[in-house]
file model14.csv (CSV, C-alpha atoms and all ligand atoms)
chain,number,residue,atom,x,y,z
I,1,MET,CA,142.9,147.0,229.7
I,2,LYS,CA,142.5,149.0,232.8
I,3,ILE,CA,144.8,152.0,233.8
I,4,GLU,CA,146.6,150.7,236.8
I,5,THR,CA,149.2,153.2,237.7
I,6,VAL,CA,150.3,156.7,236.8
I,7,ASP,CA,153.9,157.5,238.0
I,8,PHE,CA,155.5,161.0,237.8
I,9,PHE,CA,159.2,161.6,237.5
I,10,TYR,CA,160.2,165.2,238.5
I,11,LEU,CA,163.7,165.9,237.1
I,12,ALA,CA,165.7,169.1,237.1
I,13,MET,CA,169.2,170.5,236.3
I,14,PRO,CA,171.2,171.4,239.4
I,15,GLU,CA,170.6,175.1,238.8
I,16,ILE,CA,167.6,176.7,237.1
I,17,THR,CA,168.0,180.1,235.5
I,18,THR,CA,165.6,182.8,234.1
I,19,ALA,CA,166.6,181.9,230.5
I,20,ALA,CA,163.5,181.1,228.3
I,21,ASP,CA,164.7,177.5,228.1
I,22,GLY,CA,162.0,174.9,228.9
I,23,SER,CA,164.5,172.0,229.0
I,24,GLN,CA,165.9,172.9,232.4
I,25,ASP,CA,163.5,170.7,234.3
I,26,ALA,CA,161.0,168.0,233.2
I,27,LEU,CA,157.9,166.1,234.4
I,28,VAL,CA,157.9,162.7,232.8
I,29,VAL,CA,154.9,160.4,233.1
I,30,ARG,CA,154.7,156.6,233.0
I,31,VAL,CA,151.3,154.9,232.7
I,32,THR,CA,150.7,151.1,233.1
I,33,ALA,CA,147.7,149.2,231.8
I,34,GLY,CA,147.2,145.5,231.2
I,35,GLY,CA,150.9,144.9,231.9
I,36,HIS,CA,152.0,147.4,229.2
I,37,VAL,CA,153.8,150.7,229.6
I,38,GLY,CA,153.6,154.1,228.0
I,39,TRP,CA,155.6,157.3,228.5
I,40,GLY,CA,154.7,161.0,228.1
I,41,GLU,CA,156.0,164.4,229.2
I,42,CYS,CA,154.2,167.4,230.5
I,43,GLU,CA,155.5,170.9,229.4
I,44,ALA,CA,154.8,172.5,232.7
I,45,ALA,CA,156.2,173.3,236.1
I,46,PRO,CA,156.6,169.8,237.7
I,47,LEU,CA,155.5,170.4,241.3
I,48,PRO,CA,152.1,172.1,240.7
I,49,SER,CA,151.4,169.5,237.9
I,50,ILE,CA,152.0,166.6,240.3
I,51,ALA,CA,149.9,168.4,242.8
I,52,ALA,CA,147.0,168.7,240.3
I,53,PHE,CA,147.0,164.9,240.1
I,54,VAL,CA,147.0,164.1,243.8
I,55,CYS,CA,145.5,167.2,245.5
I,56,PRO,CA,142.4,166.9,247.7
I,57,MET,CA,139.1,167.6,246.0
I,58,SER,CA,138.0,171.3,246.5
I,59,HIS,CA,134.5,170.8,245.2
I,60,GLY,CA,132.7,168.8,242.4
I,61,ALA,CA,134.2,170.9,239.6
I,62,CYS,CA,137.6,171.0,241.1
I,63,GLN,CA,138.7,167.4,241.5
I,64,PRO,CA,142.2,166.0,241.2
I,65,VAL,CA,143.2,164.7,237.7
I,66,GLY,CA,143.9,161.3,239.2
I,67,SER,CA,140.3,160.6,240.1
I,68,ALA,CA,139.3,160.8,236.4
I,69,VAL,CA,142.2,158.6,235.2
I,70,LEU,CA,143.0,155.7,237.6
I,71,GLY,CA,141.0,152.6,237.1
I,72,GLN,CA,139.6,153.7,233.7
I,73,ARG,CA,139.3,151.3,230.7
I,74,LEU,CA,141.7,151.8,227.9
I,75,ASP,CA,140.9,149.8,224.8
I,76,GLY,CA,141.3,152.4,222.0
I,77,PRO,CA,141.6,156.1,221.1
I,78,GLN,CA,137.9,156.6,222.0
I,79,ASP,CA,138.8,155.8,225.6
I,80,ILE,CA,141.5,158.5,225.6
I,81,ALA,CA,138.9,161.1,224.3
I,82,ARG,CA,136.4,159.9,226.9
I,83,ILE,CA,138.9,160.3,229.8
I,84,ALA,CA,140.0,163.7,228.4
I,85,ALA,CA,136.4,164.9,228.5
I,86,GLN,CA,136.0,163.7,232.1
I,87,VAL,CA,139.2,165.5,233.2
I,88,ASP,CA,138.0,168.7,231.5
I,89,TYR,CA,134.6,168.6,233.3
I,90,ASP,CA,135.6,167.3,236.7
I,91,SER,CA,138.7,169.6,236.9
I,92,MET,CA,137.3,172.7,235.2
I,93,ASP,CA,138.4,175.0,238.1
I,94,LEU,CA,141.8,173.4,238.4
I,95,LEU,CA,143.8,175.3,235.8
I,96,GLN,CA,147.0,173.1,236.0
I,97,ALA,CA,144.9,170.1,235.0
I,98,ALA,CA,145.5,170.6,231.3
I,99,HIS,CA,149.3,170.4,231.8
I,100,THR,CA,149.1,167.4,234.0
I,101,TRP,CA,146.7,165.6,231.7
I,102,SER,CA,148.8,166.4,228.6
I,103,GLY,CA,151.7,164.1,229.7
I,104,ILE,CA,149.3,161.4,230.8
I,105,GLU,CA,147.4,161.6,227.5
I,106,MET,CA,150.7,161.2,225.5
I,107,ALA,CA,151.6,158.2,227.6
I,108,LEU,CA,148.2,156.6,226.8
I,109,TRP,CA,148.8,157.0,223.1
I,110,ASP,CA,152.3,155.6,223.4
I,111,LEU,CA,151.0,152.6,225.3
I,112,LEU,CA,148.2,151.9,222.8
I,113,GLY,CA,150.6,152.1,219.9
I,114,LYS,CA,152.9,149.6,221.5
I,115,VAL,CA,150.1,147.2,222.2
I,116,TRP,CA,148.8,147.5,218.6
I,117,GLY,CA,152.3,147.5,217.1
I,118,GLU,CA,151.6,150.8,215.3
I,119,PRO,CA,153.1,154.3,215.4
I,120,VAL,CA,150.8,156.8,217.0
I,121,TRP,CA,150.3,158.8,213.7
I,122,LYS,CA,148.7,155.6,212.2
I,123,LEU,CA,146.3,155.4,215.2
I,124,LEU,CA,145.4,159.0,214.3
I,125,GLY,CA,144.4,157.9,210.8
I,126,TYR,CA,147.4,158.9,208.8
I,127,GLU,CA,148.8,156.6,206.1
I,128,ARG,CA,152.4,157.8,206.3
I,129,SER,CA,154.7,160.1,208.1
I,130,TYR,CA,156.1,162.9,205.8
I,131,SER,CA,159.5,164.3,206.4
I,132,LYS,CA,159.7,167.9,207.4
I,133,THR,CA,162.2,170.7,207.3
I,134,PRO,CA,163.4,171.3,210.9
I,135,TYR,CA,164.2,174.8,211.9
I,136,ALA,CA,167.0,175.5,214.3
I,137,SER,CA,165.5,177.3,217.3
I,138,GLN,CA,167.7,179.8,219.0
I,139,LEU,CA,167.8,183.2,220.8
I,140,PHE,CA,168.7,186.5,219.2
I,141,GLY,CA,172.2,187.6,220.1
I,142,ASP,CA,172.8,190.4,222.6
I,143,THR,CA,174.2,192.4,219.7
I,144,PRO,CA,173.3,192.4,215.9
I,145,GLN,CA,176.8,191.0,215.2
I,146,GLU,CA,176.1,188.1,217.5
I,147,THR,CA,172.8,187.5,215.8
I,148,LEU,CA,174.5,187.5,212.4
I,149,GLU,CA,177.1,184.9,213.6
I,150,ARG,CA,174.4,182.6,215.0
I,151,GLY,CA,172.6,182.7,211.7
I,152,ARG,CA,175.8,181.8,209.9
I,153,ARG,CA,176.6,179.0,212.3
I,154,SER,CA,173.1,177.4,211.7
I,155,ARG,CA,173.6,177.5,208.0
I,156,THR,CA,177.1,175.8,208.4
I,157,GLU,CA,175.3,173.2,210.5
I,158,GLY,CA,173.1,172.4,207.5
I,159,PHE,CA,169.8,174.1,208.6
I,160,ARG,CA,167.8,175.8,205.8
I,161,ALA,CA,165.4,177.3,208.3
I,162,VAL,CA,166.3,179.2,211.5
I,163,LYS,CA,164.1,180.8,214.2
I,164,PHE,CA,165.5,183.7,216.2
I,165,GLY,CA,163.6,184.5,219.4
I,166,TRP,CA,163.3,186.7,222.4
I,167,GLY,CA,166.5,188.5,223.4
I,168,PRO,CA,166.5,192.3,223.1
I,169,ILE,CA,163.6,192.5,220.6
I,170,GLY,CA,160.9,194.9,221.7
I,171,ARG,CA,162.8,195.9,224.9
I,172,GLY,CA,164.5,199.1,223.5
I,173,ALA,CA,164.6,201.4,220.5
I,174,LEU,CA,163.0,200.4,217.2
I,175,GLY,CA,166.4,200.8,215.5
I,176,VAL,CA,168.0,198.1,217.6
I,177,ASP,CA,165.4,195.6,216.5
I,178,VAL,CA,165.7,196.6,212.8
I,179,ASP,CA,169.5,196.0,213.1
I,180,HIS,CA,168.9,192.5,214.5
I,181,PHE,CA,166.4,191.6,211.7
I,182,VAL,CA,168.9,192.8,209.0
I,183,ALA,CA,171.7,190.8,210.7
I,184,ALA,CA,169.6,187.7,211.0
I,185,ARG,CA,168.8,187.8,207.2
I,186,GLU,CA,172.5,188.4,206.4
I,187,GLY,CA,173.6,185.6,208.6
I,188,LEU,CA,171.1,183.2,207.0
I,189,GLY,CA,171.9,184.2,203.5
I,190,PRO,CA,169.3,185.1,200.8
I,191,ASP,CA,167.6,181.7,200.5
I,192,GLY,CA,167.3,180.7,204.2
I,193,LEU,CA,163.9,180.6,205.9
I,194,LEU,CA,163.8,183.3,208.6
I,195,LEU,CA,161.4,182.9,211.5
I,196,VAL,CA,161.1,185.5,214.2
I,197,ASP,CA,159.7,184.9,217.7
I,198,VAL,CA,159.2,187.8,220.0
I,199,GLY,CA,157.8,185.9,223.0
I,200,GLN,CA,154.6,188.1,223.7
I,201,VAL,CA,156.9,191.1,224.3
I,202,PHE,CA,154.3,193.6,223.0
I,203,GLY,CA,151.5,192.5,225.4
I,204,GLU,CA,148.5,194.1,223.7
I,205,ASP,CA,150.3,197.1,222.1
I,206,VAL,CA,149.5,196.8,218.4
I,207,GLU,CA,151.3,200.0,217.4
I,208,ARG,CA,154.6,199.0,218.9
I,209,ALA,CA,154.4,195.7,217.1
I,210,ALA,CA,153.3,197.3,213.9
I,211,ALA,CA,156.3,199.6,213.9
I,212,ARG,CA,158.5,196.5,213.4
I,213,ILE,CA,156.6,195.1,210.4
I,214,PRO,CA,158.3,197.1,207.6
I,215,ALA,CA,161.7,195.8,208.8
I,216,LEU,CA,160.4,192.2,209.0
I,217,GLU,CA,159.0,192.5,205.5
I,218,ALA,CA,162.3,193.9,204.2
I,219,ALA,CA,164.1,190.9,205.9
I,220,ARG,CA,161.5,188.6,204.2
I,221,ALA,CA,160.6,186.9,207.5
I,222,THR,CA,158.2,183.9,207.0
I,223,TRP,CA,156.4,184.6,210.2
I,224,LEU,CA,156.2,186.8,213.3
I,225,GLU,CA,155.6,184.6,216.3
I,226,GLU,CA,153.8,185.5,219.5
I,227,PRO,CA,153.7,189.3,219.2
I,228,PHE,CA,151.0,189.4,221.9
I,229,ALA,CA,149.6,187.6,224.9
I,230,ALA,CA,148.4,184.1,224.0
I,231,SER,CA,144.7,185.0,224.1
I,232,ALA,CA,144.8,188.5,222.6
I,233,TYR,CA,143.0,187.4,219.5
I,234,ALA,CA,141.8,190.9,218.5
I,235,GLU,CA,145.3,192.2,218.6
I,236,TYR,CA,146.6,189.3,216.5
I,237,ALA,CA,143.9,190.0,213.9
I,238,ALA,CA,144.7,193.8,213.9
I,239,LEU,CA,148.4,193.3,213.2
I,240,ALA,CA,147.7,190.6,210.6
I,241,ALA,CA,145.6,193.1,208.7
I,242,ARG,CA,148.6,195.5,208.5
I,243,SER,CA,151.3,193.0,207.6
I,244,THR,CA,152.4,190.8,204.7
I,245,VAL,CA,154.5,188.8,207.1
I,246,LYS,CA,152.1,186.2,208.6
I,247,MET,CA,151.4,185.9,212.3
I,248,ALA,CA,152.3,182.7,214.2
I,249,GLY,CA,151.1,181.6,217.6
I,250,GLY,CA,149.4,178.9,219.6
I,251,GLU,CA,152.0,177.5,222.0
I,252,GLY,CA,150.0,179.0,224.9
I,253,ALA,CA,146.8,177.2,224.0
I,254,HIS,CA,145.7,175.0,226.9
I,255,ASN,CA,142.8,173.5,225.0
I,256,PHE,CA,141.4,173.0,221.5
I,257,HIS,CA,139.2,176.1,221.7
I,258,MET,CA,142.0,178.5,222.4
I,259,ALA,CA,143.8,177.3,219.3
I,260,ARG,CA,140.7,177.4,217.2
I,261,ASN,CA,140.0,181.0,218.4
I,262,LEU,CA,143.5,182.0,217.4
I,263,ILE,CA,142.9,180.6,213.9
I,264,ASP,CA,139.3,181.9,213.5
I,265,TYR,CA,139.6,185.3,215.2
I,266,GLY,CA,143.3,186.0,215.4
I,267,ASN,CA,143.9,185.3,211.7
I,268,VAL,CA,147.2,183.6,212.2
I,269,GLY,CA,148.9,182.0,209.2
I,270,PHE,CA,150.7,179.4,211.3
I,271,VAL,CA,149.3,177.7,214.4
I,272,GLN,CA,152.0,176.2,216.7
I,273,ILE,CA,150.8,173.6,219.2
I,274,ASP,CA,152.6,172.1,222.2
I,275,CYS,CA,151.2,168.6,223.0
I,276,GLY,CA,152.6,169.0,226.5
I,277,ARG,CA,150.2,171.9,227.2
I,278,ILE,CA,147.1,171.6,225.0
I,279,GLY,CA,145.9,168.3,226.6
I,280,GLY,CA,148.0,165.9,224.6
I,281,ILE,CA,148.0,164.5,221.1
I,282,GLY,CA,144.2,164.2,220.6
I,283,PRO,CA,143.3,167.9,220.8
I,284,ALA,CA,146.4,168.8,218.8
I,285,LYS,CA,145.2,166.5,216.0
I,286,ARG,CA,141.8,168.4,216.1
I,287,VAL,CA,143.7,171.6,215.7
I,288,ALA,CA,145.6,170.2,212.7
I,289,ASP,CA,142.4,169.2,211.1
I,290,HIS,CA,140.8,172.6,211.7
I,291,ALA,CA,143.9,174.5,210.5
I,292,ARG,CA,143.9,172.5,207.3
I,293,ALA,CA,140.2,173.3,206.7
I,294,ARG,CA,141.0,177.0,207.1
I,295,GLY,CA,144.1,177.1,205.0
I,296,VAL,CA,146.3,177.7,208.1
I,297,THR,CA,149.6,175.8,208.4
I,298,TYR,CA,150.1,173.6,211.5
I,299,VAL,CA,153.5,173.7,213.2
I,300,ASN,CA,154.6,171.7,216.2
I,301,HIS,CA,155.9,173.6,219.3
I,302,THR,CA,158.4,171.7,221.5
I,303,PHE,CA,161.4,172.7,223.6
I,304,THR,CA,162.1,169.7,225.8
I,305,SER,CA,163.2,166.1,225.2
I,306,ASN,CA,162.9,163.9,222.1
I,307,LEU,CA,159.9,162.1,223.8
I,308,ALA,CA,158.0,165.4,223.6
I,309,LEU,CA,159.4,166.1,220.1
I,310,SER,CA,158.1,162.8,218.9
I,311,ALA,CA,154.7,163.5,220.5
I,312,SER,CA,154.6,167.0,218.9
I,313,LEU,CA,155.2,165.5,215.4
I,314,GLN,CA,152.4,163.0,215.5
I,315,PRO,CA,149.3,165.3,215.0
I,316,PHE,CA,150.6,166.6,211.6
I,317,ALA,CA,152.9,163.7,210.6
I,318,GLY,CA,150.6,162.9,207.7
I,319,VAL,CA,149.9,166.4,206.5
I,320,GLU,CA,152.2,166.6,203.4
I,321,GLU,CA,151.8,170.4,202.9
I,322,ALA,CA,152.9,171.3,206.4
I,323,THR,CA,156.6,171.1,205.8
I,324,ILE,CA,158.2,173.0,208.6
I,325,CYS,CA,158.8,171.7,212.1
I,326,GLU,CA,160.4,172.9,215.3
I,327,PHE,CA,163.6,171.0,216.3
I,328,PRO,CA,165.3,172.1,219.5
I,329,VAL,CA,169.1,172.2,219.0
I,330,ALA,CA,170.3,173.6,222.3
I,331,LEU,CA,168.8,171.3,225.0
I,332,GLN,CA,170.1,171.0,228.5
I,333,PRO,CA,171.9,167.6,229.2
I,334,LEU,CA,168.8,166.4,231.2
I,335,ALA,CA,166.6,166.6,228.1
I,336,VAL,CA,169.2,164.9,225.9
I,337,GLU,CA,170.0,162.1,228.4
I,338,LEU,CA,166.4,161.4,229.2
I,339,THR,CA,165.9,159.3,226.1
I,340,ALA,CA,168.0,156.3,224.8
I,341,ASN,CA,167.3,157.2,221.2
I,342,HIS,CA,167.0,160.5,219.4
I,343,ILE,CA,165.3,161.8,216.2
I,344,LYS,CA,168.0,162.7,213.8
I,345,ARG,CA,168.1,164.6,210.5
I,346,ASP,CA,168.3,162.4,207.4
I,347,GLY,CA,170.6,162.9,204.4
I,348,ASN,CA,168.3,165.7,203.1
I,349,GLY,CA,168.5,167.5,206.5
I,350,GLU,CA,164.9,166.5,207.3
I,351,ILE,CA,163.2,164.8,210.2
I,352,ALA,CA,160.1,162.6,210.5
I,353,ALA,CA,157.9,161.1,213.2
I,354,PRO,CA,159.3,157.7,214.0
I,355,GLU,CA,158.0,154.5,212.3
I,356,ALA,CA,158.4,152.4,215.5
I,357,PRO,CA,155.3,151.5,217.6
I,358,GLY,CA,153.9,154.2,220.0
I,359,LEU,CA,156.0,157.3,220.1
I,360,GLY,CA,159.1,155.3,219.1
I,361,ILE,CA,161.3,156.8,221.9
I,362,GLU,CA,162.9,154.8,224.7
I,363,ILE,CA,163.4,156.3,228.1
I,364,ALA,CA,166.9,156.0,229.6
I,365,PRO,CA,166.4,155.0,233.3
I,366,ALA,CA,169.7,156.3,234.5
I,367,ALA,CA,168.7,159.8,233.6
I,368,LEU,CA,165.5,159.5,235.7
I,369,ASP,CA,167.8,158.7,238.7
I,370,ARG,CA,170.5,161.2,237.9
I,371,TYR,CA,168.3,164.3,237.7
I,372,ARG,CA,165.6,163.2,240.3
I,373,VAL,CA,164.3,166.0,242.6
I,374,ASP,CA,163.3,164.8,246.1
I,375,VAL,CA,159.8,166.1,246.9
I,376,GLU,CA,157.0,165.2,249.2
I,377,ILE,CA,153.4,166.5,249.3
I,378,SER,CA,151.5,166.0,252.5
I,379,VAL,CA,148.1,167.3,253.7
I,380,ARG,CA,147.1,167.0,257.3
I,381,GLY,CA,149.9,164.6,258.0
I,382,ARG,CA,148.9,162.3,255.1
I,383,THR,CA,151.5,161.8,252.3
I,384,LEU,CA,149.9,162.3,248.9
I,385,PHE,CA,153.1,162.0,246.9
I,386,ARG,CA,156.7,161.2,247.7
I,387,SER,CA,159.9,160.7,245.6
I,388,ARG,CA,161.3,157.4,246.4
I,389,ALA,CA,164.3,155.8,244.8
I,390,GLY,CA,163.8,152.2,243.7
I,391,HIS,CA,160.1,152.2,244.5
I,392,ASN,CA,157.5,150.2,242.5
I,393,PRO,CA,159.3,148.8,239.5
I,394,GLY,CA,157.0,148.8,236.5
I,395,PRO,CA,156.5,146.0,233.9
I,396,ASP,CA,159.4,147.5,232.1
I,397,GLY,CA,161.7,147.1,235.1
I,398,VAL,CA,162.1,150.9,235.6
I,399,PRO,CA,161.6,151.8,239.2
I,400,ALA,CA,159.2,154.7,239.9
I,401,MET,CA,161.5,157.2,241.7
I,402,ASP,CA,158.4,159.3,242.1
I,403,ALA,CA,155.1,157.6,242.8
I,404,ALA,CA,151.7,158.7,243.7
I,405,CYS,CA,151.0,157.1,247.1
Y,501,MG,MG,157.6,180.7,220.8
call {"tool": "encode", "arguments": {"input": "model14.csv", "output": "structure tokens", "more": "lines below"}}
Ligand SMILES: [Mg+2]
result
Amino acid sequence: MKIETVDFFYLAMPEITTAADGSQDALVVRVTAGGHVGWGECEAAPLPSIAAFVCPMSHGACQPVGSAVLGQRLDGPQDIARIAAQVDYDSMDLLQAAHTWSGIEMALWDLLGKVWGEPVWKLLGYERSYSKTPYASQLFGDTPQETLERGRRSRTEGFRAVKFGWGPIGRGALGVDVDHFVAAREGLGPDGLLLVDVGQVFGEDVERAAARIPALEAARATWLEEPFAASAYAEYAALAARSTVKMAGGEGAHNFHMARNLIDYGNVGFVQIDCGRIGGIGPAKRVADHARARGVTYVNHTFTSNLALSASLQPFAGVEEATICEFPVALQPLAVELTANHIKRDGNGEIAAPEAPGLGIEIAPAALDRYRVDVEISVRGRTLFRSRAGHNPGPDGVPAMDAAC
């Protein structure tokens, strides 16, 4: 097969807020090859990501992603790895390239899986897809009482694991944070799995982060996520040495090496990978293999649609001992309506990567239309990209509302 087209669908809610909610807009990717179709999703700002695909070449090491992808052969996973290496090399000075390529890479796996009649995790070499305990991902409340109530609600909804993130933590007095940690544990009950995400709030200040450790230990938190900037490996390691609560991080990794450095030099206990940022499913699987060899637990990171959720589950679907997974529970309507089917919890409250071919998720064309953002990219009067309703129906009959021209 030859990669014939790569179509981008830029979607957004009518209003975008400053909330740390990545489901407010989306960049969905469709790839066609040999009359077959695959879908993927970038976890990135849509406009610069489209631009990274169509922009004029700046110089030899700063080429648009499209030049390394269109027209390439696609006959197996080795072709995806080969194209990935070319994107890395040809676009090394185009920092958005990893985000753009991530959605395309996912779509290539989806397409291959559909052609071969196998789920992607089988193409990755796994025998089966193990069920995982999903954690409900939510923000800390504005007050400790609100945090407590959110914890209680999650337990009522059947979640055994809950992640509290961001909110007031690290922004004021130590005592306020301690009260939130106590409230979170109380709301969850003694046996719930408590995960804490502070969203890089301590920058590179190890002492401020370390001051919170005794309270996190007392609350029996399973992990402290992203205390520092994504690449602050020395700071991660310094805090890990002073804490019985393990460090977690990795969602900010834009390539395999960043994630490996976090494991090898940051001494995290959990590495959390977003396939929509790291370059897709292939490098995420490499991280899962490396983590396993180092005794580190792999966890998916995802906060957009169920297409991205399915992609995020593939790299560690067959790792039996990695039992926790992220499961977004408060998505914007865009991210829910984008797919015709959804990954649901089973009778045990667990979820698993789908058994269906490819990523096992169907796109709902009406949502592509409903949330479409009109956009045009022109250079010297030449249109490089334009949103166009009803343009270029693919082999699946879904018109490309956004198409590279
Ligand atoms: Mg996080």
call {"tool": "residues_around", "arguments": {"input": "model14.csv", "residues": "range 60-76 of chain I", "least_positions_apart": "2", "cutoff": "10 Å", "atoms": "all atoms listed in the file", "output": "PyMOL selection string"}}
result
chain I and resi 1-6+31+33-34+49-58+78-98+100-101+104-105+108-109+111-113+115-116+123+404
call {"tool": "closest_atom_pairs", "arguments": {"input": "model14.csv", "of": "range 122-177 of chain I", "to": "range 338-357 of chain I", "cutoff": "7 Å", "atoms": "all atoms listed in the file", "output": "Markdown table"}}
result
| residue | atom | partner | partner_atom | distance |
| --- | --- | --- | --- | --- |
| I:Ser129 | CA | I:Ala353 | CA | 6.1 |
| I:Tyr130 | CA | I:Ala352 | CA | 6.2 |
| I:Ser131 | CA | I:Ala352 | CA | 4.5 |
| I:Lys132 | CA | I:Glu350 | CA | 5.4 |
| I:Thr133 | CA | I:Glu350 | CA | 5.0 |
| I:Pro134 | CA | I:Glu350 | CA | 6.2 |
| I:Gly158 | CA | I:Gly349 | CA | 6.8 |
call {"tool": "residues_near_ligand", "arguments": {"input": "model14.csv", "ligand": "ligand MG 501 (chain Y)", "cutoff": "8 Å", "atoms": "all atoms listed in the file", "output": "MDAnalysis selection string"}}
result
chainID I and resid 165 197:199 225:226 249 251 301
call {"tool": "residues_around", "arguments": {"input": "model14.csv", "residues": "Ala232 in chain I", "least_positions_apart": "3", "cutoff": "9 Å", "atoms": "only C-alpha atoms", "output": "PyMOL selection string"}}
result
chain I and resi 203-204+228-229+235-237+262+266
call {"tool": "atom_distance", "arguments": {"input": "model14.csv", "atom1": "CA of Asn255 in chain I", "atom2": "CA of Gly125 in chain I"}}
result
21.2 Å
call {"tool": "atom_distance", "arguments": {"input": "model14.csv", "atom1": "CA of Asp374 in chain I", "atom2": "CA of Asp21 in chain I"}}
result
22.1 Å
call {"tool": "closest_residue", "arguments": {"input": "model14.csv", "among": "I:Gly280, I:Pro14, I:Gly269, I:Pro48", "to": "Gly103 in chain I", "atoms": "only C-alpha atoms"}}
result
I:Gly280
call {"tool": "atom_distance", "arguments": {"input": "model14.csv", "atom1": "CA of Asn306 in chain I", "atom2": "CA of Ala293 in chain I"}}
result
29.0 Å
call {"tool": "residues_around", "arguments": {"input": "model14.csv", "residues": "Ala211 in chain I", "least_positions_apart": "6", "cutoff": "12 Å", "atoms": "only C-alpha atoms", "output": "list in words"}}
result
Gly170, Ala173, Leu174, Gly175, Asp177, Val178, Phe202, Asp205, Glu217, Pro227, Leu239, Arg242 and Ser243 of chain I
call {"tool": "residues_around", "arguments": {"input": "model14.csv", "residues": "Val29 in chain I", "least_positions_apart": "6", "cutoff": "6 Å", "atoms": "all atoms listed in the file", "output": "mmCIF file with C-alpha atoms, in the coordinates of the input"}}
result
data_model
loop_
_atom_site.group_PDB
_atom_site.id
_atom_site.type_symbol
_atom_site.label_atom_id
_atom_site.label_comp_id
_atom_site.auth_asym_id
_atom_site.auth_seq_id
_atom_site.Cartn_x
_atom_site.Cartn_y
_atom_site.Cartn_z
ATOM 1 C CA ASP I 7 153.900 157.500 238.000
ATOM 2 C CA PHE I 8 155.500 161.000 237.800
ATOM 3 C CA TRP I 39 155.600 157.300 228.500
ATOM 4 C CA GLY I 40 154.700 161.000 228.100
ATOM 5 C CA GLU I 41 156.000 164.400 229.200
ATOM 6 C CA GLY I 103 151.700 164.100 229.700
#
call {"tool": "residues_around", "arguments": {"input": "model14.csv", "residues": "His99 in chain I", "least_positions_apart": "5", "cutoff": "7 Å", "atoms": "all atoms listed in the file", "output": "MDAnalysis selection string"}}
result
chainID I and resid 42:44 49 276:277 279
call {"tool": "closest_residue", "arguments": {"input": "model14.csv", "among": "I:Ala284, I:Val196, I:Val28, I:Ile278", "to": "Lys163 in chain I", "atoms": "all atoms listed in the file"}}
result
I:Val196
call {"tool": "closest_residue", "arguments": {"input": "model14.csv", "among": "I:Phe181, I:Phe140, I:Tyr298, I:Tyr233", "to": "Arg220 in chain I", "atoms": "only C-alpha atoms"}}
result
I:Phe181
call {"tool": "closest_residue", "arguments": {"input": "model14.csv", "among": "I:Ala238, I:Pro77, I:Tyr10, I:Gln314", "to": "Ala209 in chain I", "atoms": "all atoms listed in the file"}}
result
I:Ala238
call {"tool": "residues_near_point", "arguments": {"input": "model14.csv", "point": "(141.1, 182.0, 217.9)", "cutoff": "12 Å", "atoms": "all atoms listed in the file", "output": "PyMOL selection string"}}
result
chain I and resi 230-237+248-250+252-253+255-271+287+290-291+294+296
